[in-house]
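**Student:** Just so it is clear, I am handing over my_file02.pdb, which has PDB, C-alpha atoms.
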```
ATOM      1  CA  ALA A 632      -7.013  -7.346  15.328
ATOM      2  CA  ALA A 633      -6.818  -7.650  11.528
ATOM      3  CA  PHE A 634      -9.176  -4.842  10.542
ATOM      4  CA  ILE A 635      -9.096  -1.380  12.097
ATOM      5  CA  MET A 636      -5.402  -0.446  11.898
ATOM      6  CA  THR A 637      -4.698  -1.776   8.414
ATOM      7  CA  TYR A 638      -7.924  -0.685   6.732
ATOM      8  CA  GLY A 639      -8.008   2.559   8.728
ATOM      9  CA  THR A 640      -4.530   3.469   7.490
ATOM     10  CA  SER A 641      -5.223   2.588   3.867
ATOM     11  CA  TYR A 642      -8.661   4.219   3.761
ATOM     12  CA  HIS A 643      -7.286   7.458   5.226
ATOM     13  CA  ALA A 644      -4.486   7.299   2.650
ATOM     14  CA  LEU A 645      -6.676   6.710  -0.399
ATOM     15  CA  LYS A 646      -9.766   8.712   0.570
ATOM     16  CA  GLU A 647      -8.338  11.742   2.385
ATOM     17  CA  ARG A 648      -4.728  12.037   1.292
ATOM     18  CA  ALA A 649      -4.860  10.849  -2.339
ATOM     19  CA  LYS A 650      -8.531  11.707  -2.919
ATOM     20  CA  ILE A 651      -8.588   8.815  -5.353
ATOM     21  CA  LYS A 652     -11.365   8.775  -7.935
ATOM     22  CA  ALA A 653     -13.129   5.952  -9.740
ATOM     23  CA  GLY A 654     -11.347   5.175 -12.974
ATOM     24  CA  GLU A 655      -7.905   6.223 -11.731
ATOM     25  CA  SER A 656      -4.988   3.810 -11.486
ATOM     26  CA  LEU A 657      -3.292   2.751  -8.244
ATOM     27  CA  LEU A 658       0.104   1.097  -7.806
ATOM     28  CA  VAL A 659       0.502  -0.623  -4.428
ATOM     29  CA  LEU A 660       4.010  -1.535  -3.244
ATOM     30  CA  GLY A 661       4.118  -4.319  -0.669
ATOM     31  CA  ALA A 662       0.712  -5.356  -1.971
ATOM     32  CA  ALA A 663       0.476  -8.625  -0.012
ATOM     33  CA  GLY A 664       1.214  -7.157   3.432
ATOM     34  CA  GLY A 665      -1.361  -5.977   5.949
ATOM     35  CA  VAL A 666      -1.867  -2.363   4.849
ATOM     36  CA  GLY A 667      -0.911  -3.191   1.255
ATOM     37  CA  LEU A 668      -3.586  -5.843   0.811
ATOM     38  CA  ALA A 669      -6.099  -3.512   2.471
ATOM     39  CA  ALA A 670      -5.113  -0.824  -0.058
ATOM     40  CA  VAL A 671      -5.651  -3.276  -2.917
ATOM     41  CA  GLU A 672      -9.145  -4.171  -1.689
ATOM     42  CA  LEU A 673     -10.106  -0.579  -0.936
ATOM     43  CA  GLY A 674      -8.737   0.695  -4.236
ATOM     44  CA  LYS A 675     -10.865  -1.863  -6.052
ATOM     45  CA  ALA A 676     -13.926  -0.994  -3.936
ATOM     46  CA  MET A 677     -13.393   2.713  -4.710
ATOM     47  CA  GLY A 678     -13.346   2.060  -8.447
ATOM     48  CA  ALA A 679      -9.609   2.261  -9.144
ATOM     49  CA  ARG A 680      -7.594   0.037 -11.468
ATOM     50  CA  VAL A 681      -5.131  -1.608  -9.086
ATOM     51  CA  ILE A 682      -1.613  -2.765  -9.966
ATOM     52  CA  ALA A 683      -0.036  -4.938  -7.263
ATOM     53  CA  ALA A 684       3.727  -4.924  -6.714
ATOM     54  CA  ALA A 685       5.338  -7.445  -4.379
ATOM     55  CA  SER A 686       8.491  -9.508  -3.865
ATOM     56  CA  SER A 687       7.172 -12.867  -5.123
ATOM     57  CA  GLN A 688       4.675 -14.236  -7.614
ATOM     58  CA  GLU A 689       2.801 -15.881  -4.741
ATOM     59  CA  LYS A 690       2.259 -12.478  -3.142
ATOM     60  CA  VAL A 691       1.193 -10.882  -6.412
ATOM     61  CA  ASP A 692      -1.247 -13.737  -7.001
ATOM     62  CA  LEU A 693      -2.759 -13.166  -3.552
ATOM     63  CA  ALA A 694      -3.214  -9.452  -4.296
ATOM     64  CA  MET A 695      -4.870 -10.273  -7.605
ATOM     65  CA  LYS A 696      -7.304 -12.572  -5.803
ATOM     66  CA  HIS A 697      -8.208  -9.566  -3.651
ATOM     67  CA  GLY A 698      -8.919  -7.176  -6.503
ATOM     68  CA  ALA A 699      -5.735  -6.188  -8.334
ATOM     69  CA  GLU A 700      -6.086  -6.274 -12.123
ATOM     70  CA  SER A 701      -2.395  -6.857 -12.796
ATOM     71  CA  GLY A 702       0.874  -7.245 -10.940
ATOM     72  CA  VAL A 703       4.631  -6.951 -11.003
ATOM     73  CA  VAL A 704       7.227  -8.952  -9.063
ATOM     74  CA  TYR A 705      10.155  -6.767  -7.994
ATOM     75  CA  PRO A 706      13.579  -8.201  -7.107
ATOM     76  CA  PRO A 707      15.153  -7.953  -3.641
ATOM     77  CA  GLY A 708      17.205  -4.820  -2.934
ATOM     78  CA  PRO A 709      19.322  -2.898  -2.326
ATOM     79  CA  PHE A 710      20.031  -1.695  -5.868
ATOM     80  CA  ASP A 711      22.857   0.160  -7.573
ATOM     81  CA  ARG A 712      21.991   2.839 -10.165
ATOM     82  CA  ASP A 713      21.665   0.293 -12.967
ATOM     83  CA  GLY A 714      19.421  -1.827 -10.758
ATOM     84  CA  GLN A 715      17.239   1.185  -9.951
ATOM     85  CA  LYS A 716      16.939   2.031 -13.654
ATOM     86  CA  ALA A 717      15.902  -1.531 -14.442
ATOM     87  CA  LEU A 718      13.342  -1.451 -11.625
ATOM     88  CA  ALA A 719      11.981   1.897 -12.847
ATOM     89  CA  GLU A 720      11.509   0.411 -16.311
ATOM     90  CA  MET A 721       9.709  -2.565 -14.758
ATOM     91  CA  PHE A 722       7.283  -0.233 -12.957
ATOM     92  CA  LYS A 723       6.752   1.875 -16.088
ATOM     93  CA  GLN A 724       5.863  -1.189 -18.136
ATOM     94  CA  ALA A 725       3.439  -2.360 -15.444
ATOM     95  CA  CYS A 726       1.749   1.051 -15.176
ATOM     96  CA  GLY A 727       1.503   1.830 -18.884
ATOM     97  CA  PRO A 728       2.605   4.750 -21.058
ATOM     98  CA  ASN A 729       0.494   7.365 -19.248
ATOM     99  CA  GLY A 730       1.834   6.475 -15.817
ATOM    100  CA  VAL A 731      -0.079   5.731 -12.645
ATOM    101  CA  ASP A 732      -2.302   8.236 -10.826
ATOM    102  CA  VAL A 733      -1.630   7.132  -7.236
ATOM    103  CA  ILE A 734       1.311   5.245  -5.743
ATOM    104  CA  TYR A 735       0.822   3.653  -2.327
ATOM    105  CA  ASP A 736       4.327   3.059  -0.974
ATOM    106  CA  GLY A 737       4.463   0.969   2.152
ATOM    107  CA  VAL A 738       8.004  -0.232   1.367
ATOM    108  CA  GLY A 739      10.326   2.749   0.856
ATOM    109  CA  GLY A 740      14.082   2.265   0.483
ATOM    110  CA  ASP A 741      15.485   1.762  -3.005
ATOM    111  CA  TYR A 742      12.011   1.026  -4.368
ATOM    112  CA  ALA A 743      10.682   4.564  -3.893
ATOM    113  CA  GLU A 744      12.475   6.495  -6.634
ATOM    114  CA  PRO A 745      11.984   3.819  -9.337
ATOM    115  CA  ALA A 746       8.269   3.659  -8.462
ATOM    116  CA  PHE A 747       7.968   7.451  -8.509
ATOM    117  CA  ARG A 748       9.366   7.518 -12.051
ATOM    118  CA  SER A 749       6.208   5.692 -13.187
ATOM    119  CA  ILE A 750       3.859   8.370 -11.818
ATOM    120  CA  ALA A 751       1.392  10.184 -14.085
ATOM    121  CA  TRP A 752       1.037  13.927 -14.554
ATOM    122  CA  GLU A 753      -0.419  15.362 -11.326
ATOM    123  CA  GLY A 754      -0.082  11.957  -9.665
ATOM    124  CA  ARG A 755      -0.006  11.485  -5.893
ATOM    125  CA  TYR A 756       2.730   9.498  -4.171
ATOM    126  CA  LEU A 757       1.638   8.292  -0.720
ATOM    127  CA  VAL A 758       4.381   7.920   1.892
ATOM    128  CA  VAL A 759       3.101   5.116   4.136
ATOM    129  CA  GLY A 760       6.073   3.185   5.593
ATOM    130  CA  PHE A 761       9.741   2.290   5.312
ATOM    131  CA  PRO A 762      10.527  -1.389   6.031
ATOM    132  CA  ALA A 763      13.198  -1.182   3.316
ATOM    133  CA  GLY A 764      14.609   2.080   4.733
ATOM    134  CA  ILE A 765      13.823   5.806   4.484
ATOM    135  CA  PRO A 766      14.164   6.813   0.815
ATOM    136  CA  LYS A 767      15.514   9.940  -0.845
ATOM    137  CA  ILE A 768      13.657  11.182  -3.925
ATOM    138  CA  PRO A 769      15.213  13.869  -6.174
ATOM    139  CA  LEU A 770      12.857  16.851  -6.080
ATOM    140  CA  ASN A 771      13.139  17.431  -9.826
ATOM    141  CA  LEU A 772      10.921  14.355 -10.297
ATOM    142  CA  PRO A 773       7.753  15.785  -8.671
ATOM    143  CA  LEU A 774       8.445  19.059 -10.505
ATOM    144  CA  LEU A 775       8.624  17.369 -13.934
ATOM    145  CA  LYS A 776       5.409  15.411 -13.319
ATOM    146  CA  GLY A 777       3.497  18.129 -11.450
ATOM    147  CA  ALA A 778       3.131  15.411  -8.822
ATOM    148  CA  ASP A 779       2.521  15.474  -5.076
ATOM    149  CA  ILE A 780       4.447  13.637  -2.364
ATOM    150  CA  VAL A 781       1.869  13.108   0.372
ATOM    151  CA  GLY A 782       2.539  11.964   3.925
ATOM    152  CA  VAL A 783       0.192   9.415   5.528
ATOM    153  CA  PHE A 784       0.142   9.441   9.344
ATOM    154  CA  TRP A 785      -3.125   7.795  10.305
ATOM    155  CA  GLY A 786      -2.512   7.863  14.071
ATOM    156  CA  ALA A 787      -2.062  11.642  14.116
ATOM    157  CA  ALA A 788      -5.025  12.136  11.778
ATOM    158  CA  VAL A 789      -7.272  10.177  14.164
ATOM    159  CA  SER A 790      -6.339  12.382  17.130
ATOM    160  CA  LYS A 791      -6.625  15.634  15.154
ATOM    161  CA  ASP A 792      -9.965  14.878  13.501
ATOM    162  CA  PRO A 793     -11.873  12.222  15.484
ATOM    163  CA  LYS A 794     -15.172  12.995  13.732
ATOM    164  CA  GLN A 795     -13.645  12.202  10.352
ATOM    165  CA  HIS A 796     -12.205   9.024  11.845
ATOM    166  CA  GLN A 797     -15.660   7.977  13.080
ATOM    167  CA  GLU A 798     -17.080   8.574   9.600
ATOM    168  CA  ASN A 799     -14.297   6.524   8.028
ATOM    169  CA  ILE A 800     -14.843   3.619  10.409
ATOM    170  CA  ARG A 801     -18.577   3.613   9.658
ATOM    171  CA  GLU A 802     -17.827   3.538   5.940
ATOM    172  CA  LEU A 803     -15.318   0.715   6.402
ATOM    173  CA  PHE A 804     -17.850  -1.414   8.273
ATOM    174  CA  ASP A 805     -20.390  -0.714   5.511
ATOM    175  CA  LEU A 806     -17.863  -1.942   2.929
ATOM    176  CA  HIS A 807     -17.205  -5.008   5.086
ATOM    177  CA  SER A 808     -20.934  -5.734   5.447
ATOM    178  CA  ALA A 809     -21.306  -5.439   1.669
ATOM    179  CA  GLY A 810     -18.550  -8.040   1.188
ATOM    180  CA  LYS A 811     -16.239  -5.598  -0.636
ATOM    181  CA  ILE A 812     -13.426  -5.902   1.905
ATOM    182  CA  LYS A 813     -12.403  -8.784   4.153
ATOM    183  CA  PRO A 814      -9.215  -9.113   6.241
ATOM    184  CA  PHE A 815      -6.980 -11.959   5.141
ATOM    185  CA  VAL A 816      -5.354 -13.739   8.104
ATOM    186  CA  SER A 817      -2.542 -15.972   6.865
ATOM    187  CA  GLU A 818      -1.207 -17.234  10.210
ATOM    188  CA  ARG A 819      -2.468 -17.552  13.785
ATOM    189  CA  PHE A 820      -0.208 -18.016  16.806
ATOM    190  CA  PRO A 821      -1.254 -18.564  20.425
ATOM    191  CA  LEU A 822       0.064 -15.982  22.885
ATOM    192  CA  ALA A 823       2.691 -18.428  24.179
ATOM    193  CA  ARG A 824       4.248 -18.411  20.681
ATOM    194  CA  ALA A 825       4.040 -14.653  20.130
ATOM    195  CA  GLY A 826       7.799 -14.483  19.618
ATOM    196  CA  GLU A 827       7.452 -16.803  16.632
ATOM    197  CA  ALA A 828       4.811 -14.487  15.188
ATOM    198  CA  ILE A 829       7.212 -11.540  15.357
ATOM    199  CA  THR A 830       9.990 -13.614  13.786
ATOM    200  CA  HIS A 831       7.606 -14.633  11.005
ATOM    201  CA  LEU A 832       6.846 -10.972  10.300
ATOM    202  CA  ALA A 833      10.552 -10.084  10.331
ATOM    203  CA  SER A 834      11.228 -12.747   7.680
ATOM    204  CA  ARG A 835       9.120 -10.701   5.201
ATOM    205  CA  LYS A 836       7.376 -13.898   4.164
ATOM    206  CA  ALA A 837       4.090 -13.063   5.870
ATOM    207  CA  MET A 838       1.052 -12.278   3.750
ATOM    208  CA  GLY A 839      -1.984 -10.361   4.886
ATOM    209  CA  LYS A 840      -2.236 -10.274   8.679
ATOM    210  CA  VAL A 841      -0.546 -12.428  11.313
ATOM    211  CA  VAL A 842      -2.722 -12.689  14.406
ATOM    212  CA  VAL A 843      -1.841 -13.657  17.991
ATOM    213  CA  THR A 844      -4.816 -15.355  19.628
ATOM    214  CA  MET A 845      -5.782 -15.167  23.288
ATOM    215  CA  ASP A 846      -7.010 -18.256  25.156
TER     216      ASP A 846
END
```
Give the structure from the file, written as structure tokens.
**Tutor:**
Amino acid sequence: AAFIMTYGTSYHALKERAKIKAGESLLVLGAAGGVGLAAVELGKAMGARVIAAASSQEKVDLAMKHGAESGVVYPPGPFDRDGQKALAEMFKQACGPNGVDVIYDGVGGDYAEPAFRSIAWEGRYLVVGFPAGIPKIPLNLPLLKGADIVGVFWGAAVSKDPKQHQENIRELFDLHSAGKIKPFVSERFPLARAGEAITHLASRKAMGKVVVTMD
């Protein structure tokens, strides 16, 4: 329940869509959520330098325990133009003067453009999800950075290339057996309290995975 979907999504994103290489840098937005924390662990396992971005210091600390080398706490949105500029500067400082090679964006909304402004030359921006809303990015930004905006749709990729999916799952279980990745379950709810589990997710306070258990 806490493994295949989150790690499958993030592994497809980093391995196939970003083609991330050892030694590259990776900025993960929503780094303490299910797919975000999986991306942090997988990025570390694949040899990347991981920068975790999340909405609280507690969440950043969790991501750093799972492999991130550094982190940044972003404020709650939405943002006006001045707020977006301030957020962009925050991301730039976190990523360093050369920018970041890969951005894993599982948040969207007003966070997307400021994050994109921290991307390196020929960087790859992964479009993963939009809990903060569907963003709009000015197309002059990828032009100026020679950067790619890359869609990540794991479900469709599985149906279109099942052999690649099987290979990915084998590799994920190998990483799990080697102790390089391990799902973090923060809360467990019995089925009778499943509604509370959904409410907990909607509060945006959840970290890692929230699991509903069957009797």
**Student:** The PyMOL selection byres ((chain A and resi 772) around 12) - which residues does that actually catch in the file I just gave you? List them as an NGL selection string.
**Tutor:** :A and (743-754 or 756 or 767-771 or 773-780)
**Student:** Please, what distance in Å, to one decimal, runs between CA of Ala662 in chain A and CA of Gly708 in chain A?
**Tutor:**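 These atoms are spaced 16.5 Å apart.
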**Student:** Check the smallest atom-to-atom distance from each of A:Gly714, A:Gly737, A:Pro709, A:Pro821 to Val659 in chain A using all atoms listed in the file, then report the winner.
**Tutor:**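 The answer is A:Gly737, which sits nearest to Val659 in chain A.
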**Student:** Show me the residues close to (0.1, -11.0, -0.8) - anything with an atom within 9 Å, counting all atoms listed in the file - and format the list as JSON, numbers by chain.
**Tutor:** {"A": [661, 662, 663, 664, 665, 667, 668, 683, 685, 687, 688, 689, 690, 691, 692, 693, 694, 695, 697, 837, 838, 839]}
**Student:** Once you have the residues from the selection above, write them out as a PDB file, keeping the file's coordinate frame, restricted to C-alpha atoms.
**Tutor:**
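Once everything was written out, this is again.pdb:
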```
ATOM      1  CA  GLY A 661       4.118  -4.319  -0.669  1.00  0.00           C
ATOM      2  CA  ALA A 662       0.712  -5.356  -1.971  1.00  0.00           C
ATOM      3  CA  ALA A 663       0.476  -8.625  -0.012  1.00  0.00           C
ATOM      4  CA  GLY A 664       1.214  -7.157   3.432  1.00  0.00           C
ATOM      5  CA  GLY A 665      -1.361  -5.977   5.949  1.00  0.00           C
ATOM      6  CA  GLY A 667      -0.911  -3.191   1.255  1.00  0.00           C
ATOM      7  CA  LEU A 668      -3.586  -5.843   0.811  1.00  0.00           C
ATOM      8  CA  ALA A 683      -0.036  -4.938  -7.263  1.00  0.00           C
ATOM      9  CA  ALA A 685       5.338  -7.445  -4.379  1.00  0.00           C
ATOM     10  CA  SER A 687       7.172 -12.867  -5.123  1.00  0.00           C
ATOM     11  CA  GLN A 688       4.675 -14.236  -7.614  1.00  0.00           C
ATOM     12  CA  GLU A 689       2.801 -15.881  -4.741  1.00  0.00           C
ATOM     13  CA  LYS A 690       2.259 -12.478  -3.142  1.00  0.00           C
ATOM     14  CA  VAL A 691       1.193 -10.882  -6.412  1.00  0.00           C
ATOM     15  CA  ASP A 692      -1.247 -13.737  -7.001  1.00  0.00           C
ATOM     16  CA  LEU A 693      -2.759 -13.166  -3.552  1.00  0.00           C
ATOM     17  CA  ALA A 694      -3.214  -9.452  -4.296  1.00  0.00           C
ATOM     18  CA  MET A 695      -4.870 -10.273  -7.605  1.00  0.00           C
ATOM     19  CA  HIS A 697      -8.208  -9.566  -3.651  1.00  0.00           C
ATOM     20  CA  ALA A 837       4.090 -13.063   5.870  1.00  0.00           C
ATOM     21  CA  MET A 838       1.052 -12.278   3.750  1.00  0.00           C
ATOM     22  CA  GLY A 839      -1.984 -10.361   4.886  1.00  0.00           C
TER      23      GLY A 839
END
```
**Student:** Using only C-alpha atoms, which residue out of A:Arg819, A:Lys813, A:Lys836, A:Arg712 lies closest to Ser686 in chain A?
**Tutor:**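 Among the listed residues, A:Lys836 lies closest to Ser686 in chain A.
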**Student:** Could you list, as a PDB file with C-alpha atoms, in the coordinates of the input, every residue within 12 Å of range 793-795 of chain A, counting all atoms listed in the file and ignoring same-chain residues fewer than 5 positions away?
**Tutor:**
```
ATOM      1  CA  GLY A 639      -8.008   2.559   8.728  1.00  0.00           C
ATOM      2  CA  TYR A 642      -8.661   4.219   3.761  1.00  0.00           C
ATOM      3  CA  HIS A 643      -7.286   7.458   5.226  1.00  0.00           C
ATOM      4  CA  LYS A 646      -9.766   8.712   0.570  1.00  0.00           C
ATOM      5  CA  GLU A 647      -8.338  11.742   2.385  1.00  0.00           C
ATOM      6  CA  TRP A 785      -3.125   7.795  10.305  1.00  0.00           C
ATOM      7  CA  GLY A 786      -2.512   7.863  14.071  1.00  0.00           C
ATOM      8  CA  ALA A 787      -2.062  11.642  14.116  1.00  0.00           C
ATOM      9  CA  ALA A 788      -5.025  12.136  11.778  1.00  0.00           C
ATOM     10  CA  ILE A 800     -14.843   3.619  10.409  1.00  0.00           C
ATOM     11  CA  ARG A 801     -18.577   3.613   9.658  1.00  0.00           C
ATOM     12  CA  GLU A 802     -17.827   3.538   5.940  1.00  0.00           C
TER      13      GLU A 802
END
```
**Student:** Which of these, A:Ala653, A:Val843, A:Val789, A:Ala719, has the shortest distance to Ala633 in chain A once you count only C-alpha atoms?
**Tutor:**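 When distances to Ala633 in chain A are compared using only C-alpha atoms, the smallest one comes from A:Val843.
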**Student:** What does the distance between CA of Asp741 in chain A and CA of Gly727 in chain A come to in Å, to one decimal place?
**Tutor:** 21.2 Å
**Student:** Interatomic distance between CA of Ser808 in chain A and CA of Thr637 in chain A?
**Tutor:**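 Separation of CA of Ser808 in chain A and CA of Thr637 in chain A: 17.0 Å.
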**Student:** Exactly which residues make up the result of the PyMOL selection byres ((chain A and resi 671) around 10) on this file, given as a PyMOL selection string?
**Tutor:** chain A and resi 641+657-660+662-663+666-670+672-677+679-683+694-700+735+812
**Student:** Could you tell me which of A:Leu757, A:Ile734, A:Ala763, A:Val781 comes closest to Ala833 in chain A if we count all atoms listed in the file?
**Tutor:**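 Closest to Ala833 in chain A, using all atoms listed in the file: A:Ala763.
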**Student:** Could you complete range 688-706 of chain A so that it carries N, CA and C atoms, and give it back as a JSON list (two decimals), keeping the file's coordinate frame?
**Tutor:**
```json
[["chain", "number", "residue", "atom", "x", "y", "z"],
["A", 688, "GLN", "N", 5.88, -13.99, -6.82],
["A", 688, "GLN", "CA", 4.68, -14.24, -7.61],
["A", 688, "GLN", "C", 3.53, -14.69, -6.73],
["A", 689, "GLU", "N", 3.84, -15.43, -5.68],
["A", 689, "GLU", "CA", 2.80, -15.88, -4.74],
["A", 689, "GLU", "C", 2.09, -14.69, -4.11],
["A", 690, "LYS", "N", 2.86, -13.67, -3.75],
["A", 690, "LYS", "CA", 2.26, -12.48, -3.14],
["A", 690, "LYS", "C", 1.43, -11.69, -4.15],
["A", 691, "VAL", "N", 1.95, -11.57, -5.37],
["A", 691, "VAL", "CA", 1.19, -10.88, -6.41],
["A", 691, "VAL", "C", -0.11, -11.63, -6.70],
["A", 692, "ASP", "N", -0.04, -12.94, -6.76],
["A", 692, "ASP", "CA", -1.25, -13.74, -7.00],
["A", 692, "ASP", "C", -2.28, -13.51, -5.90],
["A", 693, "LEU", "N", -1.83, -13.42, -4.65],
["A", 693, "LEU", "CA", -2.76, -13.17, -3.55],
["A", 693, "LEU", "C", -3.43, -11.81, -3.74],
["A", 694, "ALA", "N", -2.65, -10.78, -4.09],
["A", 694, "ALA", "CA", -3.21, -9.45, -4.30],
["A", 694, "ALA", "C", -4.22, -9.45, -5.44],
["A", 695, "MET", "N", -3.94, -10.22, -6.48],
["A", 695, "MET", "CA", -4.87, -10.27, -7.60],
["A", 695, "MET", "C", -6.17, -10.98, -7.22],
["A", 696, "LYS", "N", -6.09, -11.94, -6.31],
["A", 696, "LYS", "CA", -7.30, -12.57, -5.80],
["A", 696, "LYS", "C", -8.16, -11.60, -5.00],
["A", 697, "HIS", "N", -7.50, -10.55, -4.48],
["A", 697, "HIS", "CA", -8.21, -9.57, -3.65],
["A", 697, "HIS", "C", -8.54, -8.29, -4.41],
["A", 698, "GLY", "N", -8.42, -8.32, -5.74],
["A", 698, "GLY", "CA", -8.92, -7.18, -6.50],
["A", 698, "GLY", "C", -7.96, -6.50, -7.46],
["A", 699, "ALA", "N", -6.67, -6.80, -7.39],
["A", 699, "ALA", "CA", -5.74, -6.19, -8.33],
["A", 699, "ALA", "C", -5.98, -6.73, -9.74],
["A", 700, "GLU", "N", -5.88, -5.86, -10.73],
["A", 700, "GLU", "CA", -6.09, -6.27, -12.12],
["A", 700, "GLU", "C", -4.82, -6.84, -12.75],
["A", 701, "SER", "N", -3.67, -6.39, -12.26],
["A", 701, "SER", "CA", -2.40, -6.86, -12.80],
["A", 701, "SER", "C", -1.36, -6.76, -11.69],
["A", 702, "GLY", "N", -0.14, -7.26, -11.98],
["A", 702, "GLY", "CA", 0.87, -7.24, -10.94],
["A", 702, "GLY", "C", 2.27, -7.25, -11.50],
["A", 703, "VAL", "N", 3.22, -6.93, -10.64],
["A", 703, "VAL", "CA", 4.63, -6.95, -11.00],
["A", 703, "VAL", "C", 5.42, -7.49, -9.82],
["A", 704, "VAL", "N", 6.36, -8.39, -10.09],
["A", 704, "VAL", "CA", 7.23, -8.95, -9.06],
["A", 704, "VAL", "C", 8.55, -8.20, -9.11],
["A", 705, "TYR", "N", 8.89, -7.50, -8.02],
["A", 705, "TYR", "CA", 10.15, -6.77, -7.99],
["A", 705, "TYR", "C", 11.23, -7.59, -7.29],
["A", 706, "PRO", "N", 12.48, -7.43, -7.70],
["A", 706, "PRO", "CA", 13.58, -8.20, -7.11],
["A", 706, "PRO", "C", 13.96, -7.66, -5.73]]
```
